[in-house]
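**Student:** Quick one, query38.cif (mmCIF, C-alpha atoms):
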```cif
data_model
#
loop_
_atom_site.label_atom_id
_atom_site.label_comp_id
_atom_site.auth_asym_id
_atom_site.auth_seq_id
_atom_site.Cartn_x
_atom_site.Cartn_y
_atom_site.Cartn_z
CA MET A 1 94.46 123.10 71.99
CA PRO A 2 93.57 122.04 75.57
CA SER A 3 91.70 124.64 77.58
CA LEU A 4 93.35 126.36 80.53
CA LEU A 5 90.86 124.55 82.78
CA ALA A 6 91.90 121.19 81.35
CA MET A 7 95.57 121.98 81.91
CA ASN A 8 94.99 123.04 85.50
CA HIS A 9 92.85 120.11 86.68
CA ARG A 10 94.46 116.68 86.75
CA PHE A 11 92.85 113.49 88.04
CA PHE A 12 94.33 110.06 88.71
CA ILE A 13 92.75 106.82 87.48
CA GLU A 14 93.93 103.74 89.41
CA ASN A 15 93.50 101.32 86.50
CA LEU A 16 95.23 101.74 83.14
CA ILE A 17 93.08 103.62 80.65
CA GLN A 18 92.47 101.22 77.78
CA SER A 19 89.16 102.38 76.29
CA ASP A 20 87.55 105.55 75.02
CA HIS A 21 85.41 106.00 78.13
CA VAL A 22 86.48 106.19 81.78
CA THR A 23 84.58 106.33 85.07
CA ILE A 24 86.02 108.32 87.98
CA GLU A 25 85.02 107.21 91.49
CA GLY A 26 86.20 107.61 95.08
CA PRO A 27 88.26 110.60 96.27
CA GLU A 28 89.04 111.75 92.73
CA ALA A 29 85.34 111.84 91.84
CA HIS A 30 84.60 113.82 95.00
CA HIS A 31 87.31 116.32 94.08
CA LEU A 32 86.06 116.64 90.50
CA LEU A 33 82.36 116.92 91.36
CA HIS A 34 82.24 118.73 94.70
CA VAL A 35 85.52 120.62 95.06
CA VAL A 36 86.45 121.74 91.56
CA ARG A 37 82.81 121.43 90.42
CA ILE A 38 83.59 120.40 86.85
CA GLN A 39 80.51 120.52 84.62
CA MET A 40 79.41 118.33 81.73
CA GLY A 41 81.22 119.18 78.52
CA GLN A 42 84.33 120.51 80.23
CA GLU A 43 87.73 118.89 79.71
CA VAL A 44 90.27 117.69 82.29
CA THR A 45 93.57 115.83 82.23
CA LEU A 46 93.67 112.20 83.38
CA LEU A 47 96.71 110.24 84.58
CA ASP A 48 96.98 106.48 85.05
CA GLY A 49 100.65 106.16 85.98
CA SER A 50 101.62 104.83 82.55
CA GLY A 51 103.45 107.95 81.42
CA TYR A 52 100.58 109.24 79.31
CA GLU A 53 98.43 112.32 79.83
CA PHE A 54 94.86 111.93 78.61
CA GLN A 55 92.60 114.82 77.67
CA ALA A 56 89.05 113.80 78.56
CA ARG A 57 85.63 115.42 78.32
CA VAL A 58 83.01 114.95 81.05
CA VAL A 59 79.92 113.36 79.50
CA ASN A 60 77.91 112.42 82.59
CA CYS A 61 77.89 113.44 86.25
CA GLU A 62 76.35 111.49 89.10
CA ARG A 63 76.50 112.05 92.84
CA ARG A 64 79.59 109.92 93.47
CA SER A 65 81.02 109.26 90.02
CA ALA A 66 81.58 110.84 86.64
CA GLN A 67 81.95 109.42 83.16
CA LEU A 68 84.45 110.88 80.74
CA GLU A 69 85.25 110.42 77.06
CA ILE A 70 88.90 110.30 76.04
CA VAL A 71 89.69 113.03 73.53
CA SER A 72 93.43 112.53 73.07
CA LYS A 73 96.53 111.16 74.75
CA VAL A 74 100.20 112.08 74.68
CA LEU A 75 103.27 110.39 76.13
CA VAL A 76 105.00 112.76 78.58
CA ASP A 77 108.47 112.06 79.98
CA ARG A 78 109.34 114.04 83.10
CA GLU A 79 111.32 111.26 84.81
CA LEU A 80 114.99 111.18 85.73
CA SER A 81 117.32 109.55 83.23
CA TRP A 82 118.44 107.10 85.95
CA GLU A 83 116.58 105.18 88.66
CA LEU A 84 116.69 106.78 92.11
CA VAL A 85 115.68 104.65 95.11
CA VAL A 86 115.52 106.09 98.62
CA GLY A 87 115.60 103.87 101.70
CA VAL A 88 114.65 105.91 104.76
CA ALA A 89 113.64 105.41 108.38
CA LEU A 90 110.41 107.41 108.31
CA PRO A 91 109.98 110.37 110.65
CA LYS A 92 106.87 110.89 112.76
CA GLY A 93 103.48 112.26 111.76
CA GLU A 94 103.09 114.99 109.16
CA ARG A 95 106.81 114.96 108.42
CA GLN A 96 106.30 111.63 106.62
CA ARG A 97 103.85 113.24 104.23
CA TRP A 98 106.17 116.18 103.61
CA LEU A 99 109.09 113.87 102.82
CA VAL A 100 107.06 111.79 100.37
CA GLU A 101 105.63 114.89 98.72
CA LYS A 102 109.04 116.44 98.08
CA ALA A 103 110.62 113.16 97.01
CA THR A 104 107.85 112.79 94.45
CA GLU A 105 108.41 116.32 93.15
CA LEU A 106 112.15 115.72 92.79
CA GLY A 107 111.64 112.58 90.70
CA VAL A 108 112.46 109.74 93.11
CA THR A 109 111.63 106.38 91.52
CA GLU A 110 110.88 104.44 94.70
CA LEU A 111 110.83 105.14 98.43
CA ILE A 112 111.39 102.20 100.77
CA PRO A 113 110.54 102.55 104.50
CA LEU A 114 113.39 101.17 106.62
CA THR A 115 113.37 99.68 110.10
CA THR A 116 116.57 100.48 112.00
CA GLU A 117 117.80 100.09 115.57
CA ARG A 118 116.68 103.62 116.45
CA SER A 119 113.50 103.80 114.36
CA VAL A 120 110.73 105.91 115.90
CA SER A 121 107.94 105.24 113.41
CA GLU A 122 106.60 101.87 112.26
CA PRO A 123 105.65 101.74 108.53
CA THR A 124 102.20 100.17 109.04
CA ASP A 125 99.96 99.23 106.11
CA ARG A 126 97.64 102.12 106.95
CA ALA A 127 100.53 104.59 106.99
CA VAL A 128 101.78 103.32 103.64
CA GLN A 129 98.31 103.75 102.12
CA ARG A 130 98.26 107.38 103.26
CA LEU A 131 101.67 107.92 101.74
CA GLN A 132 100.55 106.43 98.43
CA ARG A 133 97.73 108.97 98.35
CA THR A 134 100.30 111.71 98.96
CA VAL A 135 102.26 110.44 95.95
CA VAL A 136 99.17 110.80 93.76
CA GLU A 137 98.44 114.34 94.94
CA ALA A 138 102.07 115.43 94.56
CA SER A 139 102.30 113.87 91.08
CA LYS A 140 99.21 115.74 89.95
CA GLN A 141 100.68 118.99 91.23
CA CYS A 142 104.19 118.64 89.81
CA GLY A 143 103.26 117.09 86.47
CA ARG A 144 104.67 113.59 86.86
CA THR A 145 102.93 110.97 84.78
CA VAL A 146 104.70 108.00 86.37
CA MET A 147 103.99 107.53 90.08
CA MET A 148 106.78 107.15 92.62
CA ARG A 149 106.48 103.71 94.19
CA ILE A 150 106.19 103.17 97.95
CA GLY A 151 107.99 99.88 98.48
CA SER A 152 107.44 97.27 101.15
CA ALA A 153 109.13 97.97 104.47
CA GLN A 154 112.56 96.39 104.92
CA THR A 155 115.08 96.12 107.69
CA LEU A 156 118.22 98.12 107.10
CA SER A 157 120.22 94.91 106.66
CA GLN A 158 117.81 93.65 104.01
CA TYR A 159 118.07 96.90 102.11
CA LEU A 160 121.85 97.20 102.33
CA GLU A 161 122.41 93.63 101.19
CA SER A 162 119.86 93.62 98.36
CA ILE A 163 121.38 96.33 96.17
CA PRO A 164 123.70 95.18 93.34
CA LEU A 165 127.34 96.21 93.70
CA SER A 166 127.21 97.83 90.25
CA ASN A 167 124.75 100.49 91.47
CA LEU A 168 125.79 103.75 93.13
CA ARG A 169 125.06 103.26 96.86
CA LEU A 170 125.25 106.22 99.24
CA ILE A 171 124.56 106.28 102.97
CA ALA A 172 124.12 109.58 104.81
CA HIS A 173 126.21 109.54 107.98
CA PRO A 174 128.43 112.08 109.78
CA SER A 175 132.10 111.65 109.06
CA GLN A 176 134.49 110.64 111.80
CA SER A 177 136.84 113.41 110.68
CA ALA A 178 136.16 117.04 111.60
CA GLU A 179 138.15 118.19 108.57
CA SER A 180 135.72 116.55 106.13
CA ASN A 181 133.11 119.24 106.77
CA SER A 182 135.09 121.80 104.80
CA HIS A 183 133.95 120.23 101.52
CA ILE A 184 131.01 117.94 100.79
CA SER A 185 131.67 115.61 97.87
CA ILE A 186 128.70 113.77 96.37
CA PRO A 187 129.44 110.96 93.88
CA ARG A 188 127.52 110.97 90.60
CA PRO A 189 126.05 108.07 88.58
CA GLN A 190 128.47 107.09 85.83
CA ASN A 191 125.74 106.65 83.20
CA ASP A 192 121.97 106.46 82.78
CA SER A 193 121.93 102.71 83.36
CA GLN A 194 123.49 102.98 86.83
CA ALA A 195 120.74 103.15 89.44
CA VAL A 196 121.32 105.26 92.55
CA HIS A 197 120.34 103.98 96.00
CA LEU A 198 120.35 106.19 99.10
CA ALA A 199 120.05 105.27 102.79
CA PHE A 200 118.93 107.66 105.55
CA GLY A 201 118.74 106.84 109.23
CA PRO A 202 116.20 107.79 111.91
CA GLU A 203 116.33 110.50 114.54
CA GLY A 204 119.61 109.86 116.31
CA GLY A 205 121.13 108.47 113.12
CA PHE A 206 122.47 105.04 112.30
CA THR A 207 124.30 103.18 115.05
CA ASP A 208 128.02 102.54 114.60
CA ASN A 209 127.26 98.88 113.90
CA GLU A 210 124.77 99.78 111.16
CA TRP A 211 127.16 102.21 109.52
CA GLN A 212 130.04 99.75 109.70
CA GLN A 213 127.85 97.08 108.07
CA ALA A 214 127.14 99.47 105.20
CA CYS A 215 130.84 100.25 104.82
CA CYS A 216 131.73 96.56 104.78
CA LEU A 217 129.20 96.04 101.99
CA GLY A 218 130.79 98.80 99.92
CA TRP A 219 128.34 101.65 100.52
CA GLN A 220 129.89 105.11 100.24
CA THR A 221 129.40 107.53 103.12
CA VAL A 222 128.12 111.05 102.40
CA ASP A 223 128.57 113.64 105.14
CA LEU A 224 125.99 116.42 104.76
CA GLY A 225 127.84 119.00 106.82
CA PRO A 226 128.47 120.14 110.40
CA ARG A 227 124.84 120.87 111.33
CA ILE A 228 122.45 118.22 112.61
CA LEU A 229 119.70 117.70 110.05
CA ARG A 230 116.31 116.11 110.53
CA ILE A 231 115.52 112.95 108.60
CA GLU A 232 113.45 114.66 105.93
CA THR A 233 115.91 117.56 105.59
CA SER A 234 118.91 115.31 105.01
CA ALA A 235 116.99 113.17 102.53
CA ILE A 236 115.71 116.06 100.44
CA ALA A 237 119.08 117.85 100.58
CA LEU A 238 120.96 114.88 99.11
CA ILE A 239 118.21 114.02 96.62
CA ALA A 240 118.14 117.61 95.37
CA ALA A 241 121.94 117.76 95.08
CA LEU A 242 121.84 114.69 92.84
CA VAL A 243 118.76 115.57 90.83
CA LEU A 244 119.34 119.26 90.15
CA ASN A 245 122.74 118.47 88.61
CA GLU A 246 121.37 115.59 86.54
CA LYS A 247 122.25 117.28 83.26
CA SER A 248 124.95 119.84 82.63
CA THR A 249 123.75 123.31 81.74
CA THR A 250 125.35 126.22 79.96
CA VAL A 251 124.99 129.63 81.58
CA GLU A 252 125.00 132.45 79.06
CA PRO A 253 126.42 135.85 80.06
CA ASP A 254 123.83 138.37 81.26
CA GLN A 255 122.73 140.74 78.53
CA ASP A 256 121.87 144.41 78.84
CA PRO A 257 118.98 145.94 76.79
CA ASP A 258 121.39 146.69 73.94
CA GLY A 259 122.54 143.10 73.71
CA LYS A 260 125.95 143.66 75.29
CA SER A 261 127.35 141.35 77.92
CA CYS A 262 127.05 142.73 81.44
CA HIS A 263 130.65 142.11 82.53
#
```
Output the structure of this file as structure tokens.
**Tutor:**
Amino acid sequence: MPSLLAMNHRFFIENLIQSDHVTIEGPEAHHLLHVVRIQMGQEVTLLDGSGYEFQARVVNCERRSAQLEIVSKVLVDRELSWELVVGVALPKGERQRWLVEKATELGVTELIPLTTERSVSEPTDRAVQRLQRTVVEASKQCGRTVMMRIGSAQTLSQYLESIPLSNLRLIAHPSQSAESNSHISIPRPQNDSQAVHLAFGPEGGFTDNEWQQACCLGWQTVDLGPRILRIETSAIALIAALVLNEKSTTVEPDQDPDGKSCH
């Protein structure tokens, strides 16, 4: 039985764990040694992005690294039953980190930074590296054992044209009809093999030309309501609407203390 400490402290190993002993270095070692202050003999949980959780015991501590012995491993599946890819024109500053963090928690498979006509933030290599670190931290917190990928930046046209017609393709864009705001209809994947691809524009939204290109390529428009949403709000709203209804649930009637239905 893993200790409560082991269950609470999770560390990411960049390379696949393929032996009985592992060395932790870099930011994860600093966190283990100087923030959490794990001692020799204590157990922690290791992740390597493969889908496994590894229980490991600390056997040696140095100033900037620690050696651990693998005690056990178990395959853990907390992923969506279908692939979910999000193409988004990244917002500025800290809002990027927030978007990536929440997308990771909700189970997004891959996030692709998009360059659009109204983009306000360039997805530089340095920015992408920071976002990848956010993925690791969010995965450790939410219990994912497979890391969300941060894809290479693409132009909107590249992204729109690259997705197979058989996949479910949704673009967030205000409807041209005022009446459409009375009901928001979100298409669902037909089966687990149908990947879902989403597209979100920058501040100011997609231009008419960009939206018309998407429509001509067969993308379905999703109107998220009458209020103007920020990039990260619209993305998380639509992702959550898809993800939280992934599997049907049965709601049992409320019960009183005597076991009678409260109706």
**Student:** Neighbours of stretch 99-103 of chain A within 6 Å (all atoms listed in the file; same-chain residues fewer than 3 positions away dropped), as a PyMOL selection string?
**Tutor:** chain A and resi 96+106+108+138+232
**Student:** I'd like the interatomic distance between atom CA of A:Gln220 and atom CA of A:Pro187, to a tenth of an Å.
**Tutor:** 8.7 Å
**Student:** Have a look at A:Ile112, A:Val196, A:Val120, A:Leu170 and name the one nearest to A:Leu156; count all atoms listed in the file.
**Tutor:**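 Among A:Ile112, A:Val196, A:Val120, A:Leu170, it is A:Ile112 that comes nearest to A:Leu156.
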**Student:** With 5 Å of padding per side, what axis-aligned box (centre and edge lengths, Å, one decimal) covers all the listed atoms of stretch 45-57 of chain A? Give it as lines of an AutoDock Vina configuration file.
**Tutor:**
```
center_x = 94.5
center_y = 110.3
center_z = 81.8
size_x = 27.8
size_y = 21.0
size_z = 18.3
```
**Student:** To test your reading of the syntax: which residues would the PyMOL selection byres ((chain A and resi 217) around 12) return for the file shown? Reply as a PyMOL selection string.
**Tutor:** chain A and resi 157-165+169-171+210-216+218-221
**Student:** Pull the closest atom pair for each residue of stretch 126-165 of chain A that gets at most 9 Å from stretch 62-86 of chain A, along with the distance in Å to one decimal, counting all atoms listed in the file, ordering rows by chain and then ascending residue number, as CSV.
**Tutor:**
```
residue,atom,partner,partner_atom,distance
A:Gly143,CA,A:Arg78,CA,7.6
A:Arg144,CA,A:Arg78,CA,6.0
A:Thr145,CA,A:Val76,CA,6.8
A:Val146,CA,A:Glu79,CA,7.5
```
**Student:** Applied to this file, what does the PyMOL selection byres ((chain A and resi 87-94) around 8) return in terms of residues, put as a compact mmCIF listing (two decimals) with C-alpha atoms, in the coordinates of the input?
**Tutor:**
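Done, and the output landed in out_32.txt:
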```
# COMPACT_ATOMS: atom_id res chain seq x y z
CA VAL A 85 115.68 104.65 95.11
CA VAL A 86 115.52 106.09 98.62
CA ARG A 95 106.81 114.96 108.42
CA GLN A 96 106.30 111.63 106.62
CA ARG A 97 103.85 113.24 104.23
CA TRP A 98 106.17 116.18 103.61
CA LEU A 111 110.83 105.14 98.43
CA ILE A 112 111.39 102.20 100.77
CA PRO A 113 110.54 102.55 104.50
CA LEU A 114 113.39 101.17 106.62
CA THR A 115 113.37 99.68 110.10
CA THR A 116 116.57 100.48 112.00
CA SER A 119 113.50 103.80 114.36
CA VAL A 120 110.73 105.91 115.90
CA SER A 121 107.94 105.24 113.41
CA GLU A 122 106.60 101.87 112.26
CA PRO A 123 105.65 101.74 108.53
CA TYR A 159 118.07 96.90 102.11
CA HIS A 197 120.34 103.98 96.00
CA LEU A 198 120.35 106.19 99.10
CA ALA A 199 120.05 105.27 102.79
CA PHE A 200 118.93 107.66 105.55
CA GLY A 201 118.74 106.84 109.23
CA PRO A 202 116.20 107.79 111.91
CA GLU A 203 116.33 110.50 114.54
CA ILE A 231 115.52 112.95 108.60
CA GLU A 232 113.45 114.66 105.93
CA ALA A 235 116.99 113.17 102.53
```
**Student:** Looking at A:Gly205, A:Ser50, A:Pro226, A:Val128, which one is nearest to A:Gln18, with distances taken over only C-alpha atoms?
**Tutor:**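 With only C-alpha atoms as the atom set, the closest residue is A:Ser50.
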**Student:** Please write stretch 188-223 of chain A of the preceding block to a file containing N, CA and C atoms, as a PDB file, in the first residue's frame?
**Tutor:**
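Ended up saving to selection_4.pdb:
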```pdb
ATOM      1  N   ARG A 188     -21.388  16.230 -31.235  1.00  0.00           N
ATOM      2  CA  ARG A 188     -20.641  15.251 -30.462  1.00  0.00           C
ATOM      3  C   ARG A 188     -19.905  14.300 -31.398  1.00  0.00           C
ATOM      4  N   PRO A 189     -18.750  13.747 -30.959  1.00  0.00           N
ATOM      5  CA  PRO A 189     -18.092  12.723 -31.787  1.00  0.00           C
ATOM      6  C   PRO A 189     -18.995  11.504 -31.914  1.00  0.00           C
ATOM      7  N   GLN A 190     -19.021  10.907 -33.097  1.00  0.00           N
ATOM      8  CA  GLN A 190     -19.915   9.785 -33.355  1.00  0.00           C
ATOM      9  C   GLN A 190     -19.436   8.506 -32.681  1.00  0.00           C
ATOM     10  N   ASN A 191     -18.131   8.357 -32.506  1.00  0.00           N
ATOM     11  CA  ASN A 191     -17.580   7.175 -31.853  1.00  0.00           C
ATOM     12  C   ASN A 191     -16.184   7.509 -31.340  1.00  0.00           C
ATOM     13  N   ASP A 192     -15.573   6.547 -30.628  1.00  0.00           N
ATOM     14  CA  ASP A 192     -14.278   6.785 -30.003  1.00  0.00           C
ATOM     15  C   ASP A 192     -13.147   6.949 -31.006  1.00  0.00           C
ATOM     16  N   SER A 193     -13.361   6.497 -32.237  1.00  0.00           N
ATOM     17  CA  SER A 193     -12.299   6.605 -33.239  1.00  0.00           C
ATOM     18  C   SER A 193     -12.325   7.943 -33.974  1.00  0.00           C
ATOM     19  N   GLN A 194     -13.368   8.741 -33.752  1.00  0.00           N
ATOM     20  CA  GLN A 194     -13.475  10.032 -34.431  1.00  0.00           C
ATOM     21  C   GLN A 194     -12.797  11.114 -33.590  1.00  0.00           C
ATOM     22  N   ALA A 195     -11.676  11.611 -34.058  1.00  0.00           N
ATOM     23  CA  ALA A 195     -10.975  12.677 -33.350  1.00  0.00           C
ATOM     24  C   ALA A 195     -11.762  13.978 -33.458  1.00  0.00           C
ATOM     25  N   VAL A 196     -11.595  14.839 -32.456  1.00  0.00           N
ATOM     26  CA  VAL A 196     -12.261  16.137 -32.434  1.00  0.00           C
ATOM     27  C   VAL A 196     -11.207  17.229 -32.536  1.00  0.00           C
ATOM     28  N   HIS A 197     -11.391  18.166 -33.448  1.00  0.00           N
ATOM     29  CA  HIS A 197     -10.473  19.277 -33.627  1.00  0.00           C
ATOM     30  C   HIS A 197     -11.240  20.586 -33.445  1.00  0.00           C
ATOM     31  N   LEU A 198     -10.694  21.468 -32.622  1.00  0.00           N
ATOM     32  CA  LEU A 198     -11.324  22.752 -32.336  1.00  0.00           C
ATOM     33  C   LEU A 198     -10.428  23.883 -32.818  1.00  0.00           C
ATOM     34  N   ALA A 199     -11.037  25.007 -33.185  1.00  0.00           N
ATOM     35  CA  ALA A 199     -10.280  26.190 -33.610  1.00  0.00           C
ATOM     36  C   ALA A 199     -10.831  27.419 -32.901  1.00  0.00           C
ATOM     37  N   PHE A 200      -9.914  28.184 -32.261  1.00  0.00           N
ATOM     38  CA  PHE A 200     -10.285  29.390 -31.527  1.00  0.00           C
ATOM     39  C   PHE A 200      -9.429  30.555 -32.007  1.00  0.00           C
ATOM     40  N   GLY A 201     -10.085  31.671 -32.256  1.00  0.00           N
ATOM     41  CA  GLY A 201      -9.387  32.837 -32.779  1.00  0.00           C
ATOM     42  C   GLY A 201      -8.770  33.691 -31.691  1.00  0.00           C
ATOM     43  N   PRO A 202      -8.125  34.793 -32.096  1.00  0.00           N
ATOM     44  CA  PRO A 202      -7.443  35.695 -31.166  1.00  0.00           C
ATOM     45  C   PRO A 202      -8.422  36.726 -30.607  1.00  0.00           C
ATOM     46  N   GLU A 203      -7.887  37.673 -29.838  1.00  0.00           N
ATOM     47  CA  GLU A 203      -8.702  38.804 -29.425  1.00  0.00           C
ATOM     48  C   GLU A 203      -9.187  39.521 -30.688  1.00  0.00           C
ATOM     49  N   GLY A 204     -10.477  39.779 -30.739  1.00  0.00           N
ATOM     50  CA  GLY A 204     -11.042  40.357 -31.960  1.00  0.00           C
ATOM     51  C   GLY A 204     -11.630  39.308 -32.869  1.00  0.00           C
ATOM     52  N   GLY A 205     -11.322  38.023 -32.586  1.00  0.00           N
ATOM     53  CA  GLY A 205     -11.917  36.931 -33.331  1.00  0.00           C
ATOM     54  C   GLY A 205     -11.304  36.693 -34.702  1.00  0.00           C
ATOM     55  N   PHE A 206     -11.814  35.685 -35.377  1.00  0.00           N
ATOM     56  CA  PHE A 206     -11.410  35.423 -36.754  1.00  0.00           C
ATOM     57  C   PHE A 206     -11.969  36.509 -37.674  1.00  0.00           C
ATOM     58  N   THR A 207     -11.256  36.796 -38.734  1.00  0.00           N
ATOM     59  CA  THR A 207     -11.805  37.709 -39.747  1.00  0.00           C
ATOM     60  C   THR A 207     -12.868  36.966 -40.547  1.00  0.00           C
ATOM     61  N   ASP A 208     -13.688  37.712 -41.277  1.00  0.00           N
ATOM     62  CA  ASP A 208     -14.712  37.079 -42.104  1.00  0.00           C
ATOM     63  C   ASP A 208     -14.089  36.140 -43.123  1.00  0.00           C
ATOM     64  N   ASN A 209     -12.941  36.538 -43.677  1.00  0.00           N
ATOM     65  CA  ASN A 209     -12.275  35.683 -44.668  1.00  0.00           C
ATOM     66  C   ASN A 209     -11.822  34.367 -44.038  1.00  0.00           C
ATOM     67  N   GLU A 210     -11.284  34.437 -42.817  1.00  0.00           N
ATOM     68  CA  GLU A 210     -10.825  33.216 -42.145  1.00  0.00           C
ATOM     69  C   GLU A 210     -11.998  32.294 -41.843  1.00  0.00           C
ATOM     70  N   TRP A 211     -13.080  32.875 -41.348  1.00  0.00           N
ATOM     71  CA  TRP A 211     -14.250  32.053 -41.028  1.00  0.00           C
ATOM     72  C   TRP A 211     -14.850  31.437 -42.292  1.00  0.00           C
ATOM     73  N   GLN A 212     -14.910  32.204 -43.358  1.00  0.00           N
ATOM     74  CA  GLN A 212     -15.462  31.686 -44.608  1.00  0.00           C
ATOM     75  C   GLN A 212     -14.593  30.567 -45.174  1.00  0.00           C
ATOM     76  N   GLN A 213     -13.267  30.687 -44.998  1.00  0.00           N
ATOM     77  CA  GLN A 213     -12.387  29.603 -45.435  1.00  0.00           C
ATOM     78  C   GLN A 213     -12.706  28.321 -44.678  1.00  0.00           C
ATOM     79  N   ALA A 214     -12.892  28.454 -43.353  1.00  0.00           N
ATOM     80  CA  ALA A 214     -13.227  27.279 -42.546  1.00  0.00           C
ATOM     81  C   ALA A 214     -14.543  26.662 -43.007  1.00  0.00           C
ATOM     82  N   CYS A 215     -15.532  27.495 -43.267  1.00  0.00           N
ATOM     83  CA  CYS A 215     -16.832  26.990 -43.714  1.00  0.00           C
ATOM     84  C   CYS A 215     -16.716  26.268 -45.053  1.00  0.00           C
ATOM     85  N   CYS A 216     -15.924  26.831 -45.960  1.00  0.00           N
ATOM     86  CA  CYS A 216     -15.737  26.204 -47.271  1.00  0.00           C
ATOM     87  C   CYS A 216     -15.046  24.847 -47.162  1.00  0.00           C
ATOM     88  N   LEU A 217     -14.243  24.676 -46.119  1.00  0.00           N
ATOM     89  CA  LEU A 217     -13.548  23.409 -45.908  1.00  0.00           C
ATOM     90  C   LEU A 217     -14.380  22.419 -45.095  1.00  0.00           C
ATOM     91  N   GLY A 218     -15.595  22.828 -44.728  1.00  0.00           N
ATOM     92  CA  GLY A 218     -16.488  21.906 -44.038  1.00  0.00           C
ATOM     93  C   GLY A 218     -16.457  21.963 -42.520  1.00  0.00           C
ATOM     94  N   TRP A 219     -15.773  22.960 -41.948  1.00  0.00           N
ATOM     95  CA  TRP A 219     -15.770  23.105 -40.495  1.00  0.00           C
ATOM     96  C   TRP A 219     -17.147  23.588 -40.037  1.00  0.00           C
ATOM     97  N   GLN A 220     -17.594  23.082 -38.896  1.00  0.00           N
ATOM     98  CA  GLN A 220     -18.876  23.487 -38.334  1.00  0.00           C
ATOM     99  C   GLN A 220     -18.672  24.641 -37.352  1.00  0.00           C
ATOM    100  N   THR A 221     -19.525  25.641 -37.437  1.00  0.00           N
ATOM    101  CA  THR A 221     -19.428  26.799 -36.561  1.00  0.00           C
ATOM    102  C   THR A 221     -20.173  26.548 -35.256  1.00  0.00           C
ATOM    103  N   VAL A 222     -19.533  26.881 -34.140  1.00  0.00           N
ATOM    104  CA  VAL A 222     -20.167  26.820 -32.825  1.00  0.00           C
ATOM    105  C   VAL A 222     -20.217  28.231 -32.260  1.00  0.00           C
ATOM    106  N   ASP A 223     -21.412  28.700 -31.977  1.00  0.00           N
ATOM    107  CA  ASP A 223     -21.619  30.016 -31.374  1.00  0.00           C
ATOM    108  C   ASP A 223     -21.740  29.819 -29.869  1.00  0.00           C
TER     109      ASP A 223
END
```
